[in-house]
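Listing of start37.tsv; format and content: TSV, C-alpha atoms.
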chain	number	residue	atom	x	y	z
A	30	MET	CA	62.95	76.23	184.47
A	31	ARG	CA	66.14	77.84	183.14
A	32	GLU	CA	69.09	75.45	183.05
A	33	VAL	CA	72.72	76.48	183.72
A	34	ASN	CA	74.69	74.27	181.35
A	35	SER	CA	78.01	75.85	180.32
A	36	PHE	CA	81.14	73.73	180.77
A	37	VAL	CA	83.30	76.87	180.88
A	38	LYS	CA	81.17	78.42	183.62
A	39	GLY	CA	81.46	75.14	185.52
A	40	ILE	CA	85.26	75.25	185.30
A	41	ARG	CA	85.27	78.89	186.39
A	42	ASP	CA	83.05	78.17	189.42
A	43	GLY	CA	85.13	75.11	190.33
A	44	LEU	CA	88.55	76.79	190.35
A	45	PRO	CA	88.20	78.50	193.76
A	46	ILE	CA	87.19	75.13	195.21
A	47	CYS	CA	90.23	73.56	193.53
A	48	PHE	CA	92.62	76.04	195.15
A	49	GLY	CA	91.01	75.52	198.55
A	50	TYR	CA	91.35	71.75	198.17
A	51	LEU	CA	95.04	71.98	197.22
A	52	SER	CA	95.96	73.18	200.70
A	53	VAL	CA	93.61	70.91	202.66
A	54	ALA	CA	94.74	67.91	200.60
A	55	PHE	CA	98.38	68.91	201.12
A	56	ALA	CA	97.79	68.76	204.88
A	57	PHE	CA	96.03	65.41	204.43
A	58	GLY	CA	99.01	64.09	202.42
A	59	ILE	CA	101.42	65.07	205.21
A	60	PHE	CA	99.12	63.47	207.78
A	61	ALA	CA	98.84	60.24	205.77
A	62	ALA	CA	102.63	60.06	205.29
A	63	ALA	CA	103.21	60.69	209.01
A	64	ASN	CA	100.91	57.72	209.72
A	65	GLY	CA	102.98	55.40	207.57
A	66	MET	CA	101.08	55.53	204.29
A	67	SER	CA	103.02	55.58	201.02
A	68	VAL	CA	102.61	58.40	198.48
A	69	ILE	CA	100.69	56.06	196.15
A	70	GLU	CA	98.40	54.86	198.94
A	71	ALA	CA	97.57	58.42	200.00
A	72	LEU	CA	96.94	59.45	196.38
A	73	LEU	CA	94.70	56.43	195.71
A	74	MET	CA	92.70	57.15	198.85
A	75	SER	CA	92.08	60.74	197.75
A	76	MET	CA	91.22	59.77	194.17
A	77	THR	CA	88.71	57.12	195.22
A	78	ASN	CA	87.11	58.91	198.18
A	79	VAL	CA	87.25	62.70	197.68
A	80	THR	CA	86.21	63.42	201.27
A	81	SER	CA	88.32	65.24	203.87
A	82	ALA	CA	86.88	64.26	207.26
A	83	GLY	CA	86.18	60.68	206.18
A	84	GLN	CA	89.75	60.13	204.93
A	85	LEU	CA	91.26	61.73	208.05
A	86	ALA	CA	89.26	59.41	210.28
A	87	ALA	CA	90.25	56.43	208.14
A	88	VAL	CA	94.02	56.96	208.32
A	89	PRO	CA	94.45	56.17	212.06
A	90	ILE	CA	92.03	53.23	211.77
A	91	ILE	CA	94.10	51.74	208.94
A	92	ALA	CA	97.41	52.60	210.66
A	93	SER	CA	96.31	50.83	213.85
A	94	GLY	CA	95.05	47.79	211.94
A	95	GLY	CA	91.38	48.46	212.83
A	96	THR	CA	88.56	46.24	211.61
A	97	LEU	CA	86.76	46.75	208.30
A	98	ILE	CA	83.50	47.18	210.25
A	99	GLU	CA	85.03	50.03	212.26
A	100	LEU	CA	86.20	51.63	209.02
A	101	ALA	CA	82.85	51.19	207.26
A	102	VAL	CA	80.81	52.54	210.18
A	103	SER	CA	83.13	55.54	210.58
A	104	GLN	CA	82.72	56.43	206.88
A	105	LEU	CA	78.97	55.91	207.07
A	106	VAL	CA	78.51	58.24	210.04
A	107	ILE	CA	81.01	60.91	209.03
A	108	ASN	CA	79.87	61.02	205.41
A	109	LEU	CA	76.15	60.63	206.03
A	110	ARG	CA	75.69	64.35	205.42
A	111	TYR	CA	76.47	63.73	201.74
A	112	ALA	CA	73.23	61.73	201.52
A	113	LEU	CA	71.35	64.88	202.45
A	114	MET	CA	73.30	66.91	199.89
A	115	SER	CA	72.65	64.32	197.19
A	116	VAL	CA	68.93	64.35	198.00
A	117	SER	CA	68.96	68.12	197.73
A	118	LEU	CA	71.08	68.15	194.56
A	119	SER	CA	68.75	65.65	192.91
A	120	GLN	CA	66.05	68.36	193.01
A	121	LYS	CA	68.31	70.81	191.14
A	122	LEU	CA	69.28	68.60	188.20
A	123	GLY	CA	68.15	69.78	184.77
A	124	LYS	CA	66.72	67.73	181.90
A	125	SER	CA	70.15	67.30	180.29
A	126	VAL	CA	71.34	65.13	183.21
A	127	ARG	CA	71.04	61.45	182.28
A	128	LEU	CA	71.09	58.47	184.64
A	129	ILE	CA	74.76	57.75	183.83
A	130	ASP	CA	75.61	61.38	184.68
A	131	ARG	CA	74.01	60.97	188.12
A	132	PHE	CA	76.29	57.99	188.81
A	133	LEU	CA	79.39	60.01	187.83
A	134	ILE	CA	78.52	63.35	189.44
A	135	ALA	CA	77.69	61.63	192.76
A	136	PHE	CA	81.36	60.62	193.00
A	137	VAL	CA	82.54	64.22	193.56
A	138	ASN	CA	79.49	65.65	195.35
A	139	THR	CA	81.52	67.31	198.13
A	140	ASP	CA	80.35	70.00	200.56
A	141	GLU	CA	81.75	72.81	198.40
A	142	VAL	CA	80.62	71.40	195.03
A	143	PHE	CA	77.16	70.96	196.48
A	144	ALA	CA	77.13	74.49	197.89
A	145	VAL	CA	78.11	76.05	194.54
A	146	ALA	CA	75.69	73.91	192.50
A	147	SER	CA	72.86	74.76	194.91
A	148	SER	CA	73.54	78.49	194.68
A	149	GLN	CA	72.80	78.59	190.91
A	150	ASP	CA	69.55	80.13	189.74
A	151	GLY	CA	67.38	77.46	188.17
A	152	ALA	CA	68.42	73.92	187.28
A	153	VAL	CA	72.00	72.74	186.68
A	154	GLY	CA	72.91	70.76	183.54
A	155	ARG	CA	75.38	67.96	182.91
A	156	LYS	CA	78.05	70.04	181.13
A	157	TYR	CA	78.07	72.61	183.92
A	158	LEU	CA	78.36	69.90	186.58
A	159	TYR	CA	81.22	68.11	184.82
A	160	GLY	CA	83.09	71.43	184.57
A	161	LEU	CA	82.35	72.15	188.22
A	162	ILE	CA	83.69	68.83	189.57
A	163	LEU	CA	86.74	68.52	187.30
A	164	THR	CA	89.23	70.95	188.88
A	165	PRO	CA	88.27	70.24	192.53
A	166	PHE	CA	88.93	66.54	191.86
A	167	LEU	CA	92.32	67.35	190.31
A	168	GLY	CA	93.16	69.78	193.12
A	169	TRP	CA	92.29	67.23	195.78
A	170	SER	CA	94.44	64.57	194.10
A	171	ALA	CA	97.40	66.84	193.31
A	172	GLY	CA	97.44	68.35	196.81
A	173	THR	CA	97.52	64.89	198.39
A	174	LEU	CA	100.35	63.80	196.10
A	175	LEU	CA	102.43	66.90	196.93
A	176	GLY	CA	101.75	66.66	200.68
A	177	ALA	CA	102.60	62.97	200.91
A	178	ALA	CA	105.75	63.50	198.82
A	179	ALA	CA	106.80	66.53	200.90
A	180	GLY	CA	106.42	64.32	203.96
A	181	GLN	CA	109.26	62.19	202.56
A	182	TRP	CA	111.90	64.90	202.01
A	183	LEU	CA	111.22	67.80	204.39
A	184	PRO	CA	113.36	67.92	207.59
A	185	PRO	CA	111.73	66.11	210.55
A	186	ILE	CA	111.20	69.27	212.60
A	187	VAL	CA	109.21	70.85	209.75
A	188	ILE	CA	107.17	67.67	209.22
A	189	SER	CA	106.41	67.66	212.91
A	190	ALA	CA	105.21	71.28	212.79
A	191	LEU	CA	103.09	70.60	209.69
A	192	GLY	CA	101.32	67.90	211.68
A	193	ILE	CA	99.20	70.58	213.30
A	194	ALA	CA	98.03	72.09	209.96
A	195	ILE	CA	94.98	69.90	209.51
A	196	TYR	CA	93.78	70.61	213.06
A	197	GLY	CA	94.27	74.34	212.47
A	198	MET	CA	91.96	74.03	209.47
A	199	PHE	CA	89.35	72.20	211.53
A	200	ILE	CA	89.45	74.98	214.11
A	201	ALA	CA	89.08	77.52	211.29
A	202	ILE	CA	85.94	75.71	210.09
A	203	VAL	CA	84.22	75.22	213.45
A	204	LEU	CA	85.11	78.36	215.41
A	205	PRO	CA	83.73	81.09	213.12
A	206	LYS	CA	80.44	79.16	212.86
A	207	ALA	CA	80.34	78.56	216.62
A	208	LYS	CA	80.86	82.28	217.18
A	209	ARG	CA	77.76	83.18	215.12
A	210	HIS	CA	75.51	80.26	216.13
A	211	ARG	CA	75.54	79.41	219.82
A	212	PRO	CA	74.02	75.89	219.49
A	213	THR	CA	76.93	74.97	217.18
A	214	ALA	CA	79.30	76.14	219.93
A	215	PHE	CA	77.51	73.94	222.48
A	216	CYS	CA	77.67	71.05	220.04
A	217	ALA	CA	81.44	71.51	219.64
A	218	LEU	CA	82.02	71.79	223.42
A	219	LEU	CA	79.92	68.71	224.13
A	220	ALA	CA	81.79	66.79	221.42
A	221	VAL	CA	85.16	67.86	222.87
A	222	ALA	CA	84.10	66.87	226.40
A	223	LEU	CA	83.02	63.43	225.20
A	224	SER	CA	86.21	63.08	223.17
A	225	CYS	CA	88.30	63.75	226.30
A	226	VAL	CA	86.25	61.20	228.26
A	227	PHE	CA	86.97	58.59	225.59
A	228	THR	CA	90.67	59.52	225.57
A	229	TYR	CA	91.43	59.55	229.30
A	230	ILE	CA	88.85	57.60	231.30
A	231	PRO	CA	90.04	54.02	232.00
A	232	GLY	CA	87.91	51.44	230.20
A	233	LEU	CA	86.50	53.92	227.71
A	234	LYS	CA	89.95	54.81	226.41
A	235	ASP	CA	90.30	51.25	225.09
A	236	VAL	CA	87.44	51.83	222.62
A	237	PRO	CA	89.04	51.86	219.12
A	238	SER	CA	89.54	55.46	217.92
A	239	GLY	CA	87.21	55.12	214.92
A	240	PHE	CA	84.31	53.97	217.09
A	241	ALA	CA	85.05	56.61	219.71
A	242	VAL	CA	84.78	59.38	217.07
A	243	ILE	CA	81.46	57.97	215.90
A	244	ILE	CA	80.02	57.54	219.39
A	245	CYS	CA	81.05	61.03	220.58
A	246	ALA	CA	79.87	62.80	217.41
A	247	VAL	CA	76.54	60.97	217.22
A	248	ILE	CA	75.78	61.69	220.90
A	249	ALA	CA	76.70	65.39	220.57
A	250	ALA	CA	74.80	65.90	217.31
A	251	SER	CA	71.75	63.98	218.58
A	252	VAL	CA	71.56	65.90	221.85
A	253	MET	CA	71.74	69.18	219.94
A	254	ALA	CA	69.26	68.06	217.24
A	255	ILE	CA	66.74	67.17	219.96
A	256	THR	CA	67.24	70.20	222.21
A	257	VAL	CA	67.93	72.88	219.55
A	258	PRO	CA	66.67	71.71	216.13
A	259	VAL	CA	67.89	73.95	213.31
A	260	ARG	CA	65.21	76.17	211.82
A	261	GLU	CA	66.59	77.07	208.43
A	262	GLU	CA	65.83	75.04	205.32
A	263	LYS	CA	69.44	74.77	204.22
A	264	PRO	CA	71.21	73.00	207.06
A	265	ASN	CA	74.57	72.80	205.30
A	266	GLU	CA	75.16	76.45	204.48
B	16	MET	CA	99.47	46.18	200.48
B	17	ASN	CA	96.64	43.71	199.83
B	18	ASN	CA	95.22	44.65	203.17
B	19	PHE	CA	95.37	48.31	202.19
B	20	PHE	CA	93.32	47.70	199.06
B	21	LEU	CA	90.67	45.95	201.13
B	22	TYR	CA	90.46	48.99	203.43
B	23	LEU	CA	90.39	51.26	200.37
B	24	ALA	CA	87.59	49.32	198.69
B	25	VAL	CA	85.44	49.39	201.85
B	26	MET	CA	85.82	53.12	202.51
B	27	ALA	CA	85.44	54.16	198.88
B	28	GLY	CA	82.44	51.84	198.47
B	29	VAL	CA	80.62	53.12	201.54
B	30	THR	CA	81.32	56.77	200.70
B	31	TYR	CA	80.23	56.38	197.08
B	32	LEU	CA	77.00	54.57	197.97
B	33	ILE	CA	76.09	57.34	200.44
B	34	ARG	CA	76.47	59.92	197.68
B	35	MET	CA	75.14	57.91	194.76
B	36	LEU	CA	71.99	56.22	196.09
B	37	PRO	CA	70.09	59.40	197.04
B	38	LEU	CA	71.11	61.16	193.84
B	39	VAL	CA	69.94	58.27	191.67
B	40	LEU	CA	66.91	57.10	193.66
B	41	MET	CA	65.40	59.98	195.62
B	42	ARG	CA	63.18	62.71	194.24
B	43	ARG	CA	61.54	64.12	197.40
B	44	LYS	CA	62.87	66.61	199.93
B	45	LEU	CA	63.72	65.50	203.46
B	46	GLN	CA	61.13	66.76	205.95
B	47	ASN	CA	62.20	65.14	209.23
B	48	ARG	CA	63.38	67.96	211.49
B	49	PHE	CA	65.50	65.78	213.75
B	50	LEU	CA	67.28	64.25	210.78
B	51	LEU	CA	67.89	67.64	209.15
B	52	SER	CA	69.23	69.03	212.43
B	53	PHE	CA	71.37	65.97	213.07
B	54	LEU	CA	72.92	66.27	209.62
B	55	TYR	CA	73.57	69.96	210.23
B	56	TYR	CA	75.40	69.34	213.52
B	57	ILE	CA	77.33	66.18	212.63
B	58	PRO	CA	80.24	67.78	210.67
B	59	TYR	CA	80.98	70.22	213.51
B	60	ALA	CA	80.73	67.43	216.08
B	61	VAL	CA	83.07	65.18	214.08
B	62	LEU	CA	85.67	67.90	213.53
B	63	SER	CA	85.59	68.88	217.22
B	64	VAL	CA	86.01	65.29	218.38
B	65	MET	CA	88.90	64.73	215.99
B	66	THR	CA	90.67	67.97	216.99
B	67	ILE	CA	90.65	67.83	220.80
B	68	PRO	CA	92.57	66.35	222.51
B	69	ALA	CA	94.39	64.94	219.41
B	70	ILE	CA	95.89	68.35	218.49
B	71	PHE	CA	97.95	68.35	221.71
B	72	TYR	CA	99.70	65.14	220.61
B	73	ALA	CA	100.05	66.12	216.93
B	74	VAL	CA	103.56	67.57	217.11
B	75	GLY	CA	106.93	66.97	218.81
B	76	ASN	CA	106.03	68.24	222.27
B	77	TRP	CA	102.98	69.61	224.04
B	78	HIS	CA	104.38	73.15	224.63
B	79	ALA	CA	104.65	73.61	220.87
B	80	ALA	CA	101.20	72.09	220.35
B	81	VAL	CA	99.63	74.50	222.84
B	82	ALA	CA	101.26	77.44	221.02
B	83	GLY	CA	99.95	76.18	217.68
B	84	PHE	CA	96.50	75.62	219.15
B	85	ALA	CA	96.39	79.12	220.68
B	86	VAL	CA	97.43	80.77	217.42
B	87	ALA	CA	94.82	78.77	215.49
B	88	VAL	CA	92.04	79.70	217.94
B	89	ILE	CA	92.91	83.41	217.86
B	90	LEU	CA	93.13	83.62	214.06
B	91	ALA	CA	90.00	81.51	213.55
B	92	PHE	CA	88.13	83.73	216.01
B	93	PHE	CA	88.93	86.68	213.76
B	94	ASN	CA	87.66	84.75	210.71
B	95	ARG	CA	91.00	84.27	208.95
B	96	SER	CA	91.02	81.84	206.02
B	97	LEU	CA	91.66	78.11	206.51
B	98	VAL	CA	95.08	78.36	204.87
B	99	LYS	CA	96.20	81.31	207.02
B	100	VAL	CA	95.06	79.68	210.24
B	101	ALA	CA	96.84	76.43	209.36
B	102	ALA	CA	100.02	78.14	208.16
B	103	PHE	CA	100.47	80.40	211.20
B	104	SER	CA	99.64	77.52	213.52
B	105	CYS	CA	102.51	75.54	211.92
B	106	ILE	CA	104.85	78.52	212.18
B	107	ALA	CA	104.05	78.90	215.90
B	108	VAL	CA	104.81	75.22	216.48
B	109	LEU	CA	108.06	75.43	214.52
B	110	ALA	CA	109.11	78.57	216.42
B	111	VAL	CA	108.58	76.94	219.81
B	112	GLU	CA	110.32	73.73	218.74
B	113	LEU	CA	113.34	75.66	217.42
B	114	LEU	CA	113.51	77.88	220.54
B	115	GLU	CA	113.51	74.86	222.84
B	116	LYS	CA	116.24	73.22	220.78
B	117	PHE	CA	118.74	76.01	221.41
How would this structure read if it were set down as structure tokens?
Amino acid sequence: MREVNSFVKGIRDGLPICFGYLSVAFAFGIFAAANGMSVIEALLMSMTNVTSAGQLAAVPIIASGGTLIELAVSQLVINLRYALMSVSLSQKLGKSVRLIDRFLIAFVNTDEVFAVASSQDGAVGRKYLYGLILTPFLGWSAGTLLGAAAGQWLPPIVISALGIAIYGMFIAIVLPKAKRHRPTAFCALLAVALSCVFTYIPGLKDVPSGFAVIICAVIAASVMAITVPVREEKPNE
Amino acid sequence: MNNFFLYLAVMAGVTYLIRMLPLVLMRRKLQNRFLLSFLYYIPYAVLSVMTIPAIFYAVGNWHAAVAGFAVAVILAFFNRSLVKVAAFSCIAVLAVELLEKF
């Protein structure tokens, strides 16, 4: 099987991901700062995790002094999809990829990196993969740094308005997909309904936020997976 | 600060293991249809849960939040990019907050 293994091509394919990450990470940095995290803390979190939804769920848990179990379970559930991507990516790796490379590449196997690597014809080599993950990692880190720092010096009314940015991005991810694929729309509506139940109904609203996210998302995704299983082979298009 | 590093170690450790173990250990493709479907739906479910109702408490007051939400929904419906949707949503919030100030 042909192997794509040019470092330069990897860099070139990674740059669009890098630019996308800059803005999402900027919004994350603002969000982290608004929840009382320091610039260094926000930066360290991005550099060691490289995951958007997982980090966003972690910030309120840490801010509210949640338990380590709550944090661990939230990361497990929210990031479980990466296991599927890693399984899939493991089938694409070329002969040049050594065991040590697998340990390093796994660190930045994000949704977008996975999608680009998967879309190559034939196998992917180690040099290509290192090029591919380099700029997205830098973009994710730099964006977080800038966002968290901006959170310190922008006027309060602007900071307040920027607080909605990350949610706007979430809507921009879910809605176009929900428009094209009705079961995804049902999944989102069910998840929102459950989320409101866990926010407003007495008793349930005392469930720690990290657990509530997990419970609502797992119920919604399970109900949909049972009633409308996805047909296509590539579930994370 | 110590406490923060404990949180950081747990979340980074869990996330890395999820990514690393399958890449290092597994060689076969997943066949289970429920599991594949569940993994397809879970990101959308998580994002939806985290967005509503939290978005309505994300900014200074709920009028501004509703404006930002409406703008985001309209732009997202017409497939605008993530950055555009987020930016115009912020601008709508800022506009409402400034208007109500004066």
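With all atoms listed in the file as the atoms that count, the residue of B:Asn18, B:Gln46, B:Thr30, B:Ser96 with the shortest distance to Val79 (chain A) is B:Thr30.
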Item to complete: Just need the residues of chain B within 7 Å of chain A, counting only C-alpha atoms, so spit them out as a PyMOL selection string.
Response: chain B and resi 22-23+25-27+29-31+33-35+37-39+41-42+44+48-49+51-57+59-68+70+73-75+87-88+91-92+94+97-98+100-102+104-105+108-109
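CA of Gly172 (chain A) is positioned 8.3 Å from CA of Phe57 (chain A).
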Practice prompt. Could you please determine the separation between CA of Leu167 (chain A) and CA of Tyr50 (chain A) in Å, to one decimal place?
Written response: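 Computing the Euclidean distance for CA of Leu167 (chain A) and CA of Tyr50 (chain A) yields 9.1 Å.
Shortest separation to Phe166 (chain A) among A:Val142, A:Ser125, A:Pro89, A:Gln149 occurs at residue A:Val142, atoms counted being all atoms listed in the file.
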